[in-house]
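Student: So that we are looking at the same thing, I have put the structure below in C-alpha cells.
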Amino acid sequence: MKFKMALVPLLLLGTQTSIAQDQDLASEVAELRALLLEVQQDYESRISELEVRLARAEQVASGARREATEAFEIAEQTAIDQSAGQSAANTFNPALGAVLAGRYADFDSGWEAIPGFQPAGEIGSGEPGFALGEAEINMKANVDNLFFGNLTFAIHDEEGEVEVELEEAWLQTTALPAGFTLLGGRYFSAAGYINEFHRHVDDFADRPLPYQAFYGGQYRVDGLQARWIAPTNLLFELGTELNWGTGFPAGSHAESSPGAYTLFANLGGDVGASNSWQLGFSYVDADVEERGGGHHDEEVAETFSGDSELSIIDFVWKWAPDGNSAVRNFKLQGEYFHRSEDGEFDGIDYDGDQSGWYLQGVWQFMPRWRVGLRHDVVSADNNGLLVGTELEDPGRDSSRTSLMFDWSPSEFSRLRLQYADDRVLDESDQQWMLQYIISVGAHGAHKF
Amino acid sequence: MKQVIALALVALAPATAGSVEIFACEPEWASLISEIAGNDAQVTVATTAFQDPHRLQAKPSLIAAIRDADLVVCTGADLEIGWLPLLLRRGGAPELFMAADHVRKLEVPKVVDRAQGDVHPQGNPHIHLDPRNVRRIADALAEKLASLDAANADDYRRRLGDFQDRWLAAMDEWDERGLRLAGLELASHHRSFSYLANWLDLDIVATLESKPGIPPSGAQLASLLEKLSPRPPVGVIRTPYENEKPSLWLSERLSIPAIRLPYTVGGNPEVVDLFALFDETLTILEEYGQ
C-alpha cells in the first residue's frame, strides 16, 4: 500500500508532465487553428472581394454589351425614323395641289347653246384661238380621326376679270361603321358616272353633250350626301343627296326645304384579273323655281318653273392585261340621260322630254400614249307652243363625233389633240383643239 | 340575370375563328399574314404580282373589300398613294400597318422634285426583297395582330416564333448561297431590286428608267446601250409587272439575258410563299452568277 502510495505522486508527476505537454500541444493547435482561421478568413475575404470585383466586371461587361445593343438599336431606329420622314411644324399642312390647263382651238362657227335646251353653266365650244382654261387650287387632308376635308378653288378669266369660284368645299366622314359615309358642303353630285370627276381628268377636251345639256357641264350640289356600301363581294352601293343649292338644274331656291334630291345606286366588280366594271343608276328630282338660261352671271330672260325629273344609266368597263394598266389598257364607258320636265316656261305651259347619250372608248396602246373615240347625242321633244323661245323644238338631234390623241410624259402632265365633227347646230363644224393639262403638288388618288 | 346577359353577349359576338379581316395591298404581305395569323384571319389581297402597285385604281371590288377590314397591311412609303387614300376614306376606319415604317429605307432623296421623276420622299418602297427586313416586319406585324385580337395573341406569338425559326434557318442558307453572287453586275428596269442588291451585294450598274416611274424613251435607251457596251452587265432584271420591251431591246443588243425575277409571291408558278420567293430568286440569279 505504501508502495502504492509512493507511486501516486510519481504517477501524478508523470501525468503532470504529460498534462503540461498536452497543454502545449493544445495551445499550438489552437494557435494553428487560429492561424488557419485567420488565413481562411483572409482568403475568404479576398475571394469574396475578388468575387465582388468579378461580379462588378461582369456587370460592367454585360452593361457594355447591353449598351452596345441598345446603341445599335437606337441607331437603327433613328435611321428608320429619319428615313420615315422628318417632323416639322408644317407636317400637318393639307395636301396642296394645283391644276393648270389651256388650249388652242380652231373652228368656224362654234356654239353657245344647244337647240332645244336652256343653256346654263359653262357650256359651248368657247372662242377660237388660245384660251386659258380654269386653274384649280385644291387642299385636302384628314381633319381628325372622323373627318376628311376638301377645298377647291377654280380661277378663271371672264372677259378680262379674274373670277375666283368656290368649286368644292366639303367634309366627309371616314370612320362610320357598317359601310356608311356622310358628306356635306359643296360637292359634285354622284348622279352620273363622270360627274364626280374634275374636268381635268376627263378623257376628252370637253364634256359630253348630255352633261352640257342637262347639267351645264357638271352638277354641283350644296347639301348633304349619304352613301351605304352593302357587305357583299360585289360592290353594291346606295346613296341619296339633298340639295339646297341655287345652281343648275334646280334654279334659284332659297327655302328651308331642299330644292332637289338624288337617289343613286352603283354595282361593280371584277371579271377575272383583267376586267373591272361598274354599272350605275341615278335619279334627280328637282323642284325648279325660275331657272334661267345663259351664264349664271348674266341677266335671266326666259325662265322655267316646275318639276324636273332626270334619270341616268351609266356603265364603265376597264380592261388591262392581268389588270396591269401600266403598258396597255382599254376603257369603254357610256351614259344615257332622260329628263322629263313639267311646268311653266316663259309664262307658257310646258311639258317636255329630252334625252341624250354618249359612248366612248379610250385605248392606251403603249406607255404614255392614248387614243380615244367618242360619239355624243342629245335630242329634245318639247311642245310646239314654245316657238320663238330657247326651247323651240329643233326638229333634229344635236350630235358630235370626236377623236382624241394624247401623250402623258408623266402622271402629272398631258398634251392632247382632239378633232370633232360637230353637228350641234344645223351646219357641221370641223373643230380642232390642242390642250395641255398639268398638275403640281400633292399626288392625287385615282377614282375608278 | 348577369349570366343571361353574358351569354347573350357571347352569342352576339362574332365568332373568334378567322374573326380578323385583313386587307393586304401586296401579295408579299398577304403571305406574311398567313404565316403569322394562320386561320385567325381572313385576308383579301388587292394586287397580284402582275400588277404595278404604283398604278392601281380604287376599283369597285376593292371598295367592297375594304368595307369590313379590321386591319389594312400595306407597304407604305407612298407606294400606294395613287389609290389607297381613296379606299381608306370609304372603309370603316380600319387599323393601319405600314411595313415600310419598320425598316430602314434606301435611296431617301435629298432633293424632292418631280423633275427627278416619280420620287418617293420617304425612300425606295420596294422593301420586302431583303429577308432581314421581312424579319423585322414579321415581329412588328405579330405585335399589331396581338394587340388587335388579344384573345388570340398567344397564337400570333407562337406562330411568329415558329416562322422566325424557319426564317433564320432559311436565311443561313440564303446568305451562304448569296456569297457566290456578291458583285454580280446587273441592269434593272426600275429601282425595284435595290434592297435585294443591298442584301446580296449585287451591283446594279444601271436602271433603264433614267428617272423613276418615267418609261425610258428610245433615245435614253440608245445612250444607255452606248454606255454599257464596253462592259455589258450579266443581265437585265425586271419584275413581272414591268414592261418587257425596254429590257428585251437592251438585252438583244448587248447579247445578255433579260431576266424576269418573281419579285413577289405569285410572280412565278413556283413562288407560293415568301420562302419560295427567295429560293427562286437566288436560283435564277445563280444561273448567271459566277
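Each chain in the C-alpha cells gets a letter, A, B and so on, in the order shown; residues start at 1 in every chain, and ligands are counted from 1 in the order they appear.
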Chain B residues within 6 Å of chain A, counting only C-alpha atoms: which ones, as a PyMOL selection string?
Tutor: chain B and resi 51+57-61+64+67+82-83+89+92-93+103-105+122
Student: Can you list every residue in segment 28-117 of chain B that DSSP puts in helix (DSSP H, G or I), as a PyMOL selection string?
Tutor: chain B and resi 28-40+60-66+84-90+99-102+114-116
Student: For Asp273 of chain B, work out the shell of residues within 12 Å, counting only C-alpha atoms and skipping chain neighbours fewer than 5 positions away, then give it as a ChimeraX atom specification.
Tutor: /B:27-35,167,262-268,278-280
Student: Using only C-alpha atoms, which protein or nucleic acid residues come within 12 Å of Val378 of chain A? Drop anything in the same chain fewer than 6 positions from it, and give the result as a VMD selection string.
Tutor: chain A and resid 114 to 117 208 to 214 335 to 339 353 to 358 394 to 400 423 to 425
Student: Could you state the separation of atom CA of Val316 of chain A and atom CA of Arg103 of chain A in Å, given to one decimal place?
Tutor: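 Interatomic distance here is 27.4 Å.
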Student: Give me, as a PyMOL selection string, all polymer residues having an atom no more than 7 Å from Asn383 of chain A, counting only C-alpha atoms and skipping those fewer than 5 positions away in the same chain.
Tutor: chain A and resi 350-352
Student: Which residues are close to Leu148 of chain B, i.e. within 12 Å by only C-alpha atoms, leaving aside same-chain residues fewer than 6 positions away? Reply as a list in words.
Tutor: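 Those residues are Ser19, Val20, Glu21, Ile22, Ala37, Asp40, Ala41, Asp70, Leu71, Val72, Pro94, Glu95, Leu96, Phe97, Leu141, Ala142 and Tyr156 of chain B.
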Student: Distance table requested - segment 256-287 of chain B against segment 182-206 of chain B, cut-off 12 Å, only C-alpha atoms: one row per qualifying residue with the closest atom pair and its distance in Å to one decimal, ordered by chain and rising residue number, as CSV.
Tutor:
residue,atom,partner,partner_atom,distance
B:Ile256,CA,B:Leu186,CA,10.0
B:Pro257,CA,B:Leu186,CA,10.2
B:Ala258,CA,B:Ala187,CA,9.4
B:Ile259,CA,B:Ser188,CA,9.3
B:Arg260,CA,B:Ser188,CA,10.1
B:Leu261,CA,B:Phe193,CA,9.5
B:Pro262,CA,B:Phe193,CA,11.0
B:Tyr263,CA,B:Phe193,CA,8.1
B:Thr264,CA,B:Ser192,CA,10.8
B:Leu277,CA,B:Leu196,CA,11.7
B:Phe278,CA,B:Leu196,CA,9.6
B:Thr281,CA,B:Leu196,CA,9.5
B:Leu282,CA,B:Leu200,CA,9.6
B:Leu285,CA,B:Leu184,CA,8.9
B:Glu286,CA,B:Leu184,CA,9.9
B:Glu287,CA,B:Leu184,CA,11.5
Student: Got time to write the residues from that selection, N, CA, C and O atoms, as a short mmCIF file (atom, residue, chain, number, x, y, z; two decimals), in the first residue's frame?
Tutor:
data_model
loop_
_atom_site.label_atom_id
_atom_site.label_comp_id
_atom_site.auth_asym_id
_atom_site.auth_seq_id
_atom_site.Cartn_x
_atom_site.Cartn_y
_atom_site.Cartn_z
N ILE B 256 -27.08 39.90 -123.81
CA ILE B 256 -27.14 39.43 -122.42
C ILE B 256 -28.58 39.02 -122.15
O ILE B 256 -29.48 39.49 -122.84
N PRO B 257 -28.82 38.15 -121.18
CA PRO B 257 -30.20 37.71 -120.94
C PRO B 257 -31.07 38.80 -120.29
O PRO B 257 -30.57 39.61 -119.52
N ALA B 258 -32.35 38.81 -120.67
CA ALA B 258 -33.35 39.62 -119.96
C ALA B 258 -33.99 38.69 -118.94
O ALA B 258 -34.55 37.66 -119.29
N ILE B 259 -33.85 39.03 -117.67
CA ILE B 259 -34.24 38.11 -116.60
C ILE B 259 -35.47 38.65 -115.88
O ILE B 259 -35.44 39.76 -115.34
N ARG B 260 -36.55 37.86 -115.89
CA ARG B 260 -37.74 38.26 -115.12
C ARG B 260 -37.68 37.57 -113.77
O ARG B 260 -37.84 36.37 -113.68
N LEU B 261 -37.42 38.34 -112.74
CA LEU B 261 -37.41 37.78 -111.38
C LEU B 261 -38.84 37.76 -110.85
O LEU B 261 -39.66 38.57 -111.25
N PRO B 262 -39.13 36.83 -109.94
CA PRO B 262 -40.54 36.75 -109.46
C PRO B 262 -41.00 38.01 -108.73
O PRO B 262 -42.18 38.32 -108.74
N TYR B 263 -40.10 38.72 -108.08
CA TYR B 263 -40.37 39.97 -107.34
C TYR B 263 -41.24 39.79 -106.12
O TYR B 263 -40.94 40.30 -105.05
N THR B 264 -42.39 39.09 -106.27
CA THR B 264 -43.21 38.86 -105.09
C THR B 264 -43.90 37.51 -105.20
O THR B 264 -43.74 36.80 -106.19
N LEU B 277 -40.08 32.56 -102.58
CA LEU B 277 -39.70 33.78 -103.30
C LEU B 277 -38.18 33.96 -103.29
O LEU B 277 -37.55 34.20 -104.32
N PHE B 278 -37.57 33.81 -102.09
CA PHE B 278 -36.12 33.99 -102.01
C PHE B 278 -35.38 32.80 -102.63
O PHE B 278 -34.36 32.99 -103.29
N THR B 281 -35.63 33.32 -106.40
CA THR B 281 -34.84 34.47 -106.85
C THR B 281 -33.35 34.10 -106.88
O THR B 281 -32.65 34.39 -107.86
N LEU B 282 -32.89 33.42 -105.81
CA LEU B 282 -31.48 33.02 -105.77
C LEU B 282 -31.17 32.00 -106.86
O LEU B 282 -30.14 32.09 -107.53
N LEU B 285 -30.81 33.81 -110.13
CA LEU B 285 -29.57 34.59 -110.20
C LEU B 285 -28.34 33.68 -110.29
O LEU B 285 -27.36 34.03 -110.96
N GLU B 286 -28.42 32.52 -109.61
CA GLU B 286 -27.27 31.61 -109.63
C GLU B 286 -26.97 31.09 -111.04
O GLU B 286 -25.82 30.78 -111.35
N GLU B 287 -28.03 31.03 -111.87
CA GLU B 287 -27.79 30.59 -113.26
C GLU B 287 -26.81 31.52 -113.97
O GLU B 287 -26.12 31.12 -114.89
#
Student: Give me, as a PyMOL selection string, all polymer residues having an atom no more than 10 Å from segment 135-141 of chain A, counting only C-alpha atoms and skipping those fewer than 4 positions away in the same chain.
Tutor: chain A and resi 92-102+147-157+164-171+198+200+437-442+444
Student: Interatomic distance between atom CA of Val73 of chain B and atom CA of Leu183 of chain A?
Tutor: 26.5 Å
Student: Using only C-alpha atoms, which residue out of B:Glu242, B:Pro232, B:Ala100, B:Arg132 lies closest to Arg55 of chain B?
Tutor: B:Glu242
Student: So how many Å separate atom CA of Glu344 of chain A and atom CA of Asp393 of chain A, to one decimal?
Tutor: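 Going from atom CA of Glu344 of chain A over to atom CA of Asp393 of chain A, I get 15.8 Å.
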Student: Step one, run DSSP on the backbone; step two, keep only residues of segment 11-189 of chain B assigned to strand (DSSP E or B); then write them as a list of chain:residue names.
Tutor: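 These are the residues in question: B:Val20, B:Glu21, B:Ile22, B:Phe23, B:Ala24, B:Ala41, B:Gln42, B:Val43, B:Thr44, B:Val45, B:Ala58, B:Leu71, B:Val72, B:Val73, B:Cys74, B:Glu95, B:Leu96, B:Phe97, B:Met98, B:Glu185, B:Leu186, B:Ala187, B:Ser188.
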